[in-house]
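A.B. asks: protein23.cif is reproduced in full below (mmCIF, C-alpha atoms).
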```cif
data_protein
#
loop_
_atom_site.group_PDB
_atom_site.id
_atom_site.type_symbol
_atom_site.label_atom_id
_atom_site.label_comp_id
_atom_site.auth_asym_id
_atom_site.auth_seq_id
_atom_site.Cartn_x
_atom_site.Cartn_y
_atom_site.Cartn_z
ATOM 1 C CA MET H 193 -32.899 -32.549 12.615
ATOM 2 C CA GLY H 194 -32.484 -30.513 9.429
ATOM 3 C CA GLU H 195 -29.099 -30.301 7.764
ATOM 4 C CA LEU H 196 -27.332 -27.007 7.284
ATOM 5 C CA PRO H 197 -26.362 -26.076 3.723
ATOM 6 C CA PHE H 198 -22.742 -26.852 2.863
ATOM 7 C CA PHE H 199 -20.702 -24.040 1.331
ATOM 8 C CA ARG H 200 -17.454 -24.789 -0.432
ATOM 9 C CA ALA H 201 -14.862 -22.094 -0.863
ATOM 10 C CA HIS H 202 -11.708 -22.443 -2.890
ATOM 11 C CA THR H 203 -8.701 -20.339 -3.694
ATOM 12 C CA ALA H 204 -9.171 -18.509 -6.966
ATOM 13 C CA LEU H 205 -6.553 -17.601 -9.552
ATOM 14 C CA HIS H 206 -5.256 -14.080 -9.081
ATOM 15 C CA PRO H 207 -5.790 -11.612 -11.929
ATOM 16 C CA ASP H 208 -2.518 -10.801 -13.662
ATOM 17 C CA HIS H 209 -3.431 -7.106 -14.053
ATOM 18 C CA LEU H 210 -6.133 -4.799 -12.752
ATOM 19 C CA TRP H 211 -6.673 -1.456 -14.509
ATOM 20 C CA ILE H 212 -8.906 1.352 -13.347
ATOM 21 C CA TRP H 213 -11.830 1.770 -15.727
ATOM 22 C CA GLU H 214 -13.754 4.415 -13.859
ATOM 23 C CA LYS H 215 -13.764 5.587 -10.258
ATOM 24 C CA ALA H 216 -14.261 2.543 -8.011
ATOM 25 C CA VAL H 217 -14.241 0.024 -10.896
ATOM 26 C CA TYR H 218 -11.229 -2.008 -12.028
ATOM 27 C CA VAL H 219 -11.068 -4.409 -14.987
ATOM 28 C CA ASP H 220 -8.803 -7.455 -15.242
ATOM 29 C CA GLU H 221 -7.241 -9.100 -18.312
ATOM 30 C CA ASN H 222 -10.393 -11.224 -18.764
ATOM 31 C CA GLN H 223 -12.683 -8.158 -18.801
ATOM 32 C CA ARG H 224 -14.070 -9.010 -15.361
ATOM 33 C CA THR H 225 -14.937 -6.045 -13.176
ATOM 34 C CA TRP H 226 -13.668 -5.612 -9.612
ATOM 35 C CA LEU H 227 -15.074 -3.196 -7.033
ATOM 36 C CA PRO H 228 -12.659 -1.927 -4.349
ATOM 37 C CA VAL H 229 -13.628 -1.252 -0.745
ATOM 38 C CA THR H 230 -10.870 0.664 1.038
ATOM 39 C CA ILE H 231 -10.240 -0.166 4.703
ATOM 40 C CA GLU H 232 -7.984 2.047 6.832
ATOM 41 C CA ILE H 233 -7.047 0.528 10.197
ATOM 42 C CA GLU H 234 -4.567 2.464 12.349
ATOM 43 C CA SER H 235 -1.488 2.807 10.130
ATOM 44 C CA SER H 236 -2.521 0.027 7.737
ATOM 45 C CA LEU H 237 -4.318 0.340 4.404
ATOM 46 C CA GLN H 238 -6.268 -2.596 3.015
ATOM 47 C CA VAL H 239 -8.532 -2.969 0.024
ATOM 48 C CA LEU H 240 -11.169 -5.637 -0.444
ATOM 49 C CA MET H 241 -11.511 -6.304 -4.170
ATOM 50 C CA ARG H 242 -14.855 -7.947 -4.985
ATOM 51 C CA GLN H 243 -15.354 -9.411 -8.430
ATOM 52 C CA GLU H 244 -18.804 -8.330 -9.482
ATOM 53 C CA ASP H 245 -20.239 -7.924 -12.942
ATOM 54 C CA VAL H 246 -21.239 -4.304 -13.451
ATOM 55 C CA PRO H 247 -22.065 -2.473 -16.673
ATOM 56 C CA LEU H 248 -19.099 -0.415 -17.819
ATOM 57 C CA GLY H 249 -19.354 3.184 -18.837
ATOM 58 C CA ASP H 250 -16.701 5.021 -20.798
ATOM 59 C CA PRO H 251 -13.136 4.535 -19.512
ATOM 60 C CA VAL H 252 -11.692 7.399 -17.492
ATOM 61 C CA CYS H 253 -8.178 8.821 -17.860
ATOM 62 C CA PRO H 254 -6.267 8.744 -14.564
ATOM 63 C CA SER H 255 -5.938 12.537 -14.704
ATOM 64 C CA GLN H 256 -9.749 12.780 -14.579
ATOM 65 C CA LEU H 257 -9.930 10.850 -11.301
ATOM 66 C CA GLY H 258 -8.459 13.579 -9.137
ATOM 67 C CA PRO H 259 -6.797 12.513 -5.877
ATOM 68 C CA TYR H 260 -7.207 8.757 -5.559
ATOM 69 C CA LEU H 261 -5.983 6.594 -2.677
ATOM 70 C CA LEU H 262 -5.418 3.441 -4.734
ATOM 71 C CA PRO H 263 -3.082 2.758 -7.672
ATOM 72 C CA VAL H 264 -4.608 3.113 -11.136
ATOM 73 C CA MET H 265 -3.041 -0.208 -12.174
ATOM 74 C CA TRP H 266 -1.963 -3.343 -10.302
ATOM 75 C CA GLN H 267 0.388 -6.035 -11.623
ATOM 76 C CA LEU H 268 0.764 -9.488 -10.065
ATOM 77 C CA TYR H 269 4.272 -10.094 -8.726
ATOM 78 C CA PRO H 270 5.894 -13.250 -7.328
ATOM 79 C CA GLY H 271 5.382 -13.921 -3.644
ATOM 80 C CA ARG H 272 1.592 -13.427 -3.450
ATOM 81 C CA ARG H 273 1.700 -9.673 -3.960
ATOM 82 C CA TYR H 274 0.799 -6.934 -6.400
ATOM 83 C CA ARG H 275 2.796 -3.908 -7.421
ATOM 84 C CA GLY H 276 0.815 -0.733 -7.981
ATOM 85 C CA SER H 277 1.431 1.835 -10.697
ATOM 86 C CA ASP H 278 2.616 4.126 -7.877
ATOM 87 C CA SER H 279 5.377 1.559 -7.023
ATOM 88 C CA SER H 280 3.589 0.420 -3.859
ATOM 89 C CA PHE H 281 3.454 -3.269 -2.972
ATOM 90 C CA TRP H 282 0.317 -5.016 -1.753
ATOM 91 C CA ARG H 283 0.285 -8.410 -0.045
ATOM 92 C CA ILE H 284 -2.519 -10.806 -0.957
ATOM 93 C CA VAL H 285 -4.024 -11.624 2.446
ATOM 94 C CA TYR H 286 -6.586 -13.975 0.911
ATOM 95 C CA HIS H 287 -8.359 -14.615 -2.381
ATOM 96 C CA ILE H 288 -11.334 -16.931 -2.247
ATOM 97 C CA GLU H 289 -14.321 -17.826 -4.347
ATOM 98 C CA ALA H 290 -17.462 -19.072 -2.615
ATOM 99 C CA SER H 291 -20.741 -19.626 -4.425
ATOM 100 C CA ASP H 292 -20.889 -16.771 -6.909
ATOM 101 C CA THR H 293 -18.745 -14.356 -4.898
ATOM 102 C CA GLU H 294 -15.012 -13.807 -5.382
ATOM 103 C CA ASP H 295 -13.135 -11.661 -2.878
ATOM 104 C CA MET H 296 -9.487 -10.705 -2.679
ATOM 105 C CA LEU H 297 -8.114 -8.798 0.315
ATOM 106 C CA LEU H 298 -4.937 -6.802 -0.317
ATOM 107 C CA GLU H 299 -2.849 -5.074 2.344
ATOM 108 C CA GLN H 300 -0.360 -2.340 1.528
ATOM 109 C CA MET H 301 3.148 -3.370 2.502
ATOM 110 C CA PRO H 302 5.513 -0.898 4.175
ATOM 111 C CA ASP H 303 7.609 1.030 1.692
ATOM 112 C CA PRO H 304 11.197 -0.206 1.971
ATOM 113 C CA GLU H 305 12.378 3.313 1.074
ATOM 114 C CA SER H 306 10.281 4.963 3.785
ATOM 115 C CA CYS H 307 11.766 6.280 6.992
ATOM 116 C CA SER H 308 10.404 3.460 9.144
ATOM 117 C CA SER H 309 12.650 0.943 7.408
ATOM 118 C CA HIS H 310 15.932 2.732 8.120
ATOM 119 C CA LEU H 311 15.440 4.942 11.153
ATOM 120 C CA LEU H 312 17.918 4.338 13.905
ATOM 121 C CA PRO H 313 17.178 4.730 17.601
ATOM 122 C CA PRO H 314 18.573 7.972 19.025
ATOM 123 C CA PRO H 315 22.213 7.585 20.029
ATOM 124 C CA GLU H 316 23.242 7.702 23.659
ATOM 125 C CA PRO H 317 24.334 11.230 24.653
ATOM 126 C CA HIS H 318 27.946 10.181 25.340
ATOM 127 C CA THR H 319 28.264 8.498 21.900
ATOM 128 C CA CYS H 320 26.670 11.318 19.954
ATOM 129 C CA ARG H 321 29.647 12.129 17.739
ATOM 130 C CA GLY H 322 30.239 11.916 14.020
ATOM 131 C CA ASP H 323 27.789 11.236 11.217
ATOM 132 C CA VAL H 324 24.424 9.779 12.160
ATOM 133 C CA PRO H 325 22.032 8.773 9.365
ATOM 134 C CA ALA H 326 18.547 10.180 9.732
ATOM 135 C CA CYS H 327 15.337 10.418 7.777
ATOM 136 C CA VAL H 328 12.954 13.337 7.976
ATOM 137 C CA HIS H 329 9.766 14.313 6.239
ATOM 138 C CA LEU H 330 10.013 17.804 4.808
ATOM 139 C CA ARG H 331 6.689 19.451 4.125
ATOM 140 C CA GLY H 332 5.715 18.763 0.520
ATOM 141 C CA MET H 333 8.846 16.724 -0.251
ATOM 142 C CA GLY H 334 8.281 13.322 1.386
ATOM 143 C CA PRO H 335 11.065 11.343 3.047
ATOM 144 C CA THR H 336 14.536 12.848 2.693
ATOM 145 C CA ARG H 337 17.768 11.209 3.772
ATOM 146 C CA LEU H 338 20.222 13.361 5.697
ATOM 147 C CA SER H 339 23.488 12.858 7.480
ATOM 148 C CA LEU H 340 23.611 14.748 10.765
ATOM 149 C CA VAL H 341 26.917 15.683 12.347
ATOM 150 C CA PHE H 342 27.080 15.795 16.131
ATOM 151 C CA GLU H 343 29.830 17.523 18.085
ATOM 152 C CA PRO H 344 30.591 17.099 21.782
ATOM 153 C CA LEU H 345 28.770 19.739 23.842
ATOM 154 C CA ASP H 346 31.986 21.051 25.396
ATOM 155 C CA GLN H 347 33.290 22.000 21.923
ATOM 156 C CA LEU H 348 30.262 24.067 20.915
ATOM 157 C CA PRO H 349 30.156 27.835 21.368
ATOM 158 C CA PRO H 350 27.901 28.964 24.226
ATOM 159 C CA VAL H 351 24.277 29.662 23.380
ATOM 160 C CA VAL H 352 23.388 33.327 23.780
ATOM 161 C CA PRO H 353 19.697 33.822 24.589
ATOM 162 C CA ALA H 354 17.820 36.155 22.275
ATOM 163 C CA HIS H 355 16.508 39.333 23.871
ATOM 164 C CA THR H 356 12.808 39.993 23.538
#
```
Represent the supplied structure as structure tokens.
C.D. replies:
Amino acid sequence: MGELPFFRAHTALHPDHLWIWEKAVYVDENQRTWLPVTIEIESSLQVLMRQEDVPLGDPVCPSQLGPYLLPVMWQLYPGRRYRGSDSSFWRIVYHIEASDTEDMLLEQMPDPESCSSHLLPPPEPHTCRGDVPACVHLRGMGPTRLSLVFEPLDQLPPVVPAHT
């Protein structure tokens, strides 16, 4: 019976920095090129960075990129993560090198300042008094923290329906 080829994969060293060179091409501190493949699954954003040697054209200024989903620069942080130039954090899911291929999968971590990290469940109707912290998204402004004041229903003036 013939033997199957044996492939050995090992964990590679993470690049310290990745800078955008041109759209869809990043360069690390050792002048190696990385090609991103963006993966959007439900509410999660991942990017597969594949180290592949490609000829480099002229570098592009970030303002020339137009709207771009990924940060223009990544910096390695402690705890197996990167911080993007847009202040986002990305967890290193895996980083392996097998044969001549090196892949690193990054997953965007939830923003600790976003609403999901500090939203409270709605209060019970009978306890709905005083200040209640809330977070709302205002069109064009992003998350905004508010303090809502609730009064007991029996102390509110009656609602007068508008005439049409």
A.B. asks: Name the residues that the PyMOL selection byres ((chain H and resi 283) around 8) picks from the file above, as a compact mmCIF listing (two decimals) with C-alpha atoms, keeping the file's coordinate frame, using the file's chain letters and numbers.
C.D. replies:
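Final file, out-v3.txt:
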```txt
# COMPACT_ATOMS: atom_id res chain seq x y z
CA ARG H 272 1.59 -13.43 -3.45
CA ARG H 273 1.70 -9.67 -3.96
CA TYR H 274 0.80 -6.93 -6.40
CA PHE H 281 3.45 -3.27 -2.97
CA TRP H 282 0.32 -5.02 -1.75
CA ILE H 284 -2.52 -10.81 -0.96
CA VAL H 285 -4.02 -11.62 2.45
CA LEU H 298 -4.94 -6.80 -0.32
CA GLU H 299 -2.85 -5.07 2.34
CA GLN H 300 -0.36 -2.34 1.53
CA MET H 301 3.15 -3.37 2.50
```
A.B. asks: Restricting the calculation to only C-alpha atoms: of H:Arg275, H:Pro270, H:Leu261, H:Leu205, which residue gets closest to Ile231 (chain H)?
C.D. replies: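 Nearest candidate to Ile231 (chain H) out of H:Arg275, H:Pro270, H:Leu261, H:Leu205: H:Leu261.
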A.B. asks: Would you list the contacts of Cys253 (chain H) as a ChimeraX atom specification, taking every protein, DNA or RNA residue within 12 Å and counting only C-alpha atoms, but skipping same-chain residues closer than 6 positions in sequence?
C.D. replies: /H:211-215,264-265
A.B. asks: Quick one: distance from CA of Leu268 (chain H) to CA of Leu240 (chain H) in Å, one decimal?
C.D. replies: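 It comes out at 15.8 Å.
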A.B. asks: Between H:Gln238, H:Val229, H:Leu210, H:Ala216, single out the one closest to Tyr286 (chain H), counting only C-alpha atoms.
C.D. replies: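 Once distances to Tyr286 (chain H) are computed over only C-alpha atoms, the minimum belongs to H:Gln238.
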A.B. asks: Please return, as a PyMOL selection string, all polymer residues that have at least one atom within 10 Å of the point (-18.1, -3.2, -5.8); use all atoms listed in the file and the file's own coordinate frame.
C.D. replies: chain H and resi 216-218+225-229+240-246
A.B. asks: So what do you get for CA of Asp295 (chain H) versus CA of Gln256 (chain H), distance-wise?
C.D. replies: 27.3 Å
A.B. asks: My list of candidates is H:Val252, H:Pro263, H:Ala290, H:Ala204. Which is closest to Val239 (chain H) when distances are computed with only C-alpha atoms?
C.D. replies: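 Ranking H:Val252, H:Pro263, H:Ala290, H:Ala204 by distance to Val239 (chain H), first place goes to H:Pro263.
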A.B. asks: For a quick check of understanding, using only C-alpha atoms, which of H:Pro302, H:Gly249, H:Pro259, H:Pro207 has the smallest distance to Ser280 (chain H)?
C.D. replies: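 The answer is H:Pro302, which sits nearest to Ser280 (chain H).
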A.B. asks: Can you work out the spacing between CA of Pro247 (chain H) and CA of Glu294 (chain H) in Å, to one decimal?
C.D. replies: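 Computing it gives 17.5 Å between the two atoms.
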A.B. asks: Of the candidates H:Met296, H:Leu262, H:His209, H:Asp250, which shows the shortest atom-to-atom distance to Leu237 (chain H), using all atoms listed in the file?
C.D. replies: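 That would be H:Leu262, the residue with the smallest distance to Leu237 (chain H).
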A.B. asks: Reconstruct region 225-245 of chain H at the level of N, CA, C and O atoms, and format the result as a PDB file, in the coordinates of the input.
C.D. replies:
```pdb
ATOM      1  N   THR H 225     -14.969  -7.284 -13.946  1.00  0.00           N
ATOM      2  CA  THR H 225     -14.937  -6.045 -13.176  1.00  0.00           C
ATOM      3  C   THR H 225     -14.752  -6.347 -11.691  1.00  0.00           C
ATOM      4  O   THR H 225     -15.288  -7.329 -11.167  1.00  0.00           O
ATOM      5  N   TRP H 226     -13.979  -5.485 -11.038  1.00  0.00           N
ATOM      6  CA  TRP H 226     -13.668  -5.612  -9.612  1.00  0.00           C
ATOM      7  C   TRP H 226     -13.996  -4.294  -8.923  1.00  0.00           C
ATOM      8  O   TRP H 226     -13.624  -3.231  -9.400  1.00  0.00           O
ATOM      9  N   LEU H 227     -14.686  -4.381  -7.798  1.00  0.00           N
ATOM     10  CA  LEU H 227     -15.074  -3.196  -7.033  1.00  0.00           C
ATOM     11  C   LEU H 227     -14.246  -3.123  -5.750  1.00  0.00           C
ATOM     12  O   LEU H 227     -14.267  -4.060  -4.949  1.00  0.00           O
ATOM     13  N   PRO H 228     -13.493  -2.045  -5.555  1.00  0.00           N
ATOM     14  CA  PRO H 228     -12.659  -1.927  -4.349  1.00  0.00           C
ATOM     15  C   PRO H 228     -13.411  -1.307  -3.173  1.00  0.00           C
ATOM     16  O   PRO H 228     -14.211  -0.395  -3.338  1.00  0.00           O
ATOM     17  N   VAL H 229     -13.154  -1.842  -1.996  1.00  0.00           N
ATOM     18  CA  VAL H 229     -13.628  -1.252  -0.745  1.00  0.00           C
ATOM     19  C   VAL H 229     -12.379  -0.990   0.085  1.00  0.00           C
ATOM     20  O   VAL H 229     -11.683  -1.922   0.481  1.00  0.00           O
ATOM     21  N   THR H 230     -12.080   0.275   0.319  1.00  0.00           N
ATOM     22  CA  THR H 230     -10.870   0.664   1.038  1.00  0.00           C
ATOM     23  C   THR H 230     -11.110   0.598   2.538  1.00  0.00           C
ATOM     24  O   THR H 230     -12.129   1.084   3.032  1.00  0.00           O
ATOM     25  N   ILE H 231     -10.153  -0.007   3.254  1.00  0.00           N
ATOM     26  CA  ILE H 231     -10.240  -0.166   4.703  1.00  0.00           C
ATOM     27  C   ILE H 231      -8.971   0.426   5.308  1.00  0.00           C
ATOM     28  O   ILE H 231      -7.874  -0.035   5.010  1.00  0.00           O
ATOM     29  N   GLU H 232      -9.129   1.452   6.145  1.00  0.00           N
ATOM     30  CA  GLU H 232      -7.984   2.047   6.832  1.00  0.00           C
ATOM     31  C   GLU H 232      -8.079   1.697   8.308  1.00  0.00           C
ATOM     32  O   GLU H 232      -9.035   2.062   8.971  1.00  0.00           O
ATOM     33  N   ILE H 233      -7.087   0.935   8.797  1.00  0.00           N
ATOM     34  CA  ILE H 233      -7.047   0.528  10.197  1.00  0.00           C
ATOM     35  C   ILE H 233      -5.715   0.993  10.763  1.00  0.00           C
ATOM     36  O   ILE H 233      -4.661   0.555  10.300  1.00  0.00           O
ATOM     37  N   GLU H 234      -5.764   1.880  11.741  1.00  0.00           N
ATOM     38  CA  GLU H 234      -4.567   2.464  12.349  1.00  0.00           C
ATOM     39  C   GLU H 234      -3.629   2.939  11.247  1.00  0.00           C
ATOM     40  O   GLU H 234      -3.987   3.783  10.463  1.00  0.00           O
ATOM     41  N   SER H 235      -2.435   2.355  11.153  1.00  0.00           N
ATOM     42  CA  SER H 235      -1.488   2.807  10.130  1.00  0.00           C
ATOM     43  C   SER H 235      -1.471   1.871   8.930  1.00  0.00           C
ATOM     44  O   SER H 235      -0.567   1.926   8.114  1.00  0.00           O
ATOM     45  N   SER H 236      -2.473   1.014   8.809  1.00  0.00           N
ATOM     46  CA  SER H 236      -2.521   0.027   7.737  1.00  0.00           C
ATOM     47  C   SER H 236      -3.616   0.376   6.738  1.00  0.00           C
ATOM     48  O   SER H 236      -4.678   0.864   7.106  1.00  0.00           O
ATOM     49  N   LEU H 237      -3.329   0.119   5.454  1.00  0.00           N
ATOM     50  CA  LEU H 237      -4.318   0.340   4.404  1.00  0.00           C
ATOM     51  C   LEU H 237      -4.590  -0.996   3.729  1.00  0.00           C
ATOM     52  O   LEU H 237      -3.668  -1.676   3.296  1.00  0.00           O
ATOM     53  N   GLN H 238      -5.856  -1.371   3.685  1.00  0.00           N
ATOM     54  CA  GLN H 238      -6.268  -2.596   3.015  1.00  0.00           C
ATOM     55  C   GLN H 238      -7.330  -2.250   1.993  1.00  0.00           C
ATOM     56  O   GLN H 238      -8.012  -1.226   2.106  1.00  0.00           O
ATOM     57  N   VAL H 239      -7.462  -3.134   1.002  1.00  0.00           N
ATOM     58  CA  VAL H 239      -8.532  -2.969   0.024  1.00  0.00           C
ATOM     59  C   VAL H 239      -9.125  -4.346  -0.254  1.00  0.00           C
ATOM     60  O   VAL H 239      -8.408  -5.302  -0.517  1.00  0.00           O
ATOM     61  N   LEU H 240     -10.435  -4.425  -0.099  1.00  0.00           N
ATOM     62  CA  LEU H 240     -11.169  -5.637  -0.444  1.00  0.00           C
ATOM     63  C   LEU H 240     -11.632  -5.478  -1.882  1.00  0.00           C
ATOM     64  O   LEU H 240     -12.396  -4.562  -2.194  1.00  0.00           O
ATOM     65  N   MET H 241     -11.110  -6.325  -2.761  1.00  0.00           N
ATOM     66  CA  MET H 241     -11.511  -6.304  -4.170  1.00  0.00           C
ATOM     67  C   MET H 241     -12.569  -7.389  -4.351  1.00  0.00           C
ATOM     68  O   MET H 241     -12.288  -8.569  -4.129  1.00  0.00           O
ATOM     69  N   ARG H 242     -13.767  -6.989  -4.748  1.00  0.00           N
ATOM     70  CA  ARG H 242     -14.855  -7.947  -4.985  1.00  0.00           C
ATOM     71  C   ARG H 242     -15.136  -8.009  -6.471  1.00  0.00           C
ATOM     72  O   ARG H 242     -15.389  -6.993  -7.112  1.00  0.00           O
ATOM     73  N   GLN H 243     -15.052  -9.218  -7.015  1.00  0.00           N
ATOM     74  CA  GLN H 243     -15.354  -9.411  -8.430  1.00  0.00           C
ATOM     75  C   GLN H 243     -16.865  -9.443  -8.567  1.00  0.00           C
ATOM     76  O   GLN H 243     -17.547 -10.284  -7.990  1.00  0.00           O
ATOM     77  N   GLU H 244     -17.366  -8.467  -9.296  1.00  0.00           N
ATOM     78  CA  GLU H 244     -18.804  -8.330  -9.482  1.00  0.00           C
ATOM     79  C   GLU H 244     -19.034  -7.778 -10.875  1.00  0.00           C
ATOM     80  O   GLU H 244     -18.364  -6.829 -11.288  1.00  0.00           O
ATOM     81  N   ASP H 245     -19.943  -8.393 -11.590  1.00  0.00           N
ATOM     82  CA  ASP H 245     -20.239  -7.924 -12.942  1.00  0.00           C
ATOM     83  C   ASP H 245     -21.077  -6.655 -12.871  1.00  0.00           C
ATOM     84  O   ASP H 245     -22.176  -6.655 -12.319  1.00  0.00           O
TER      85      ASP H 245
END
```
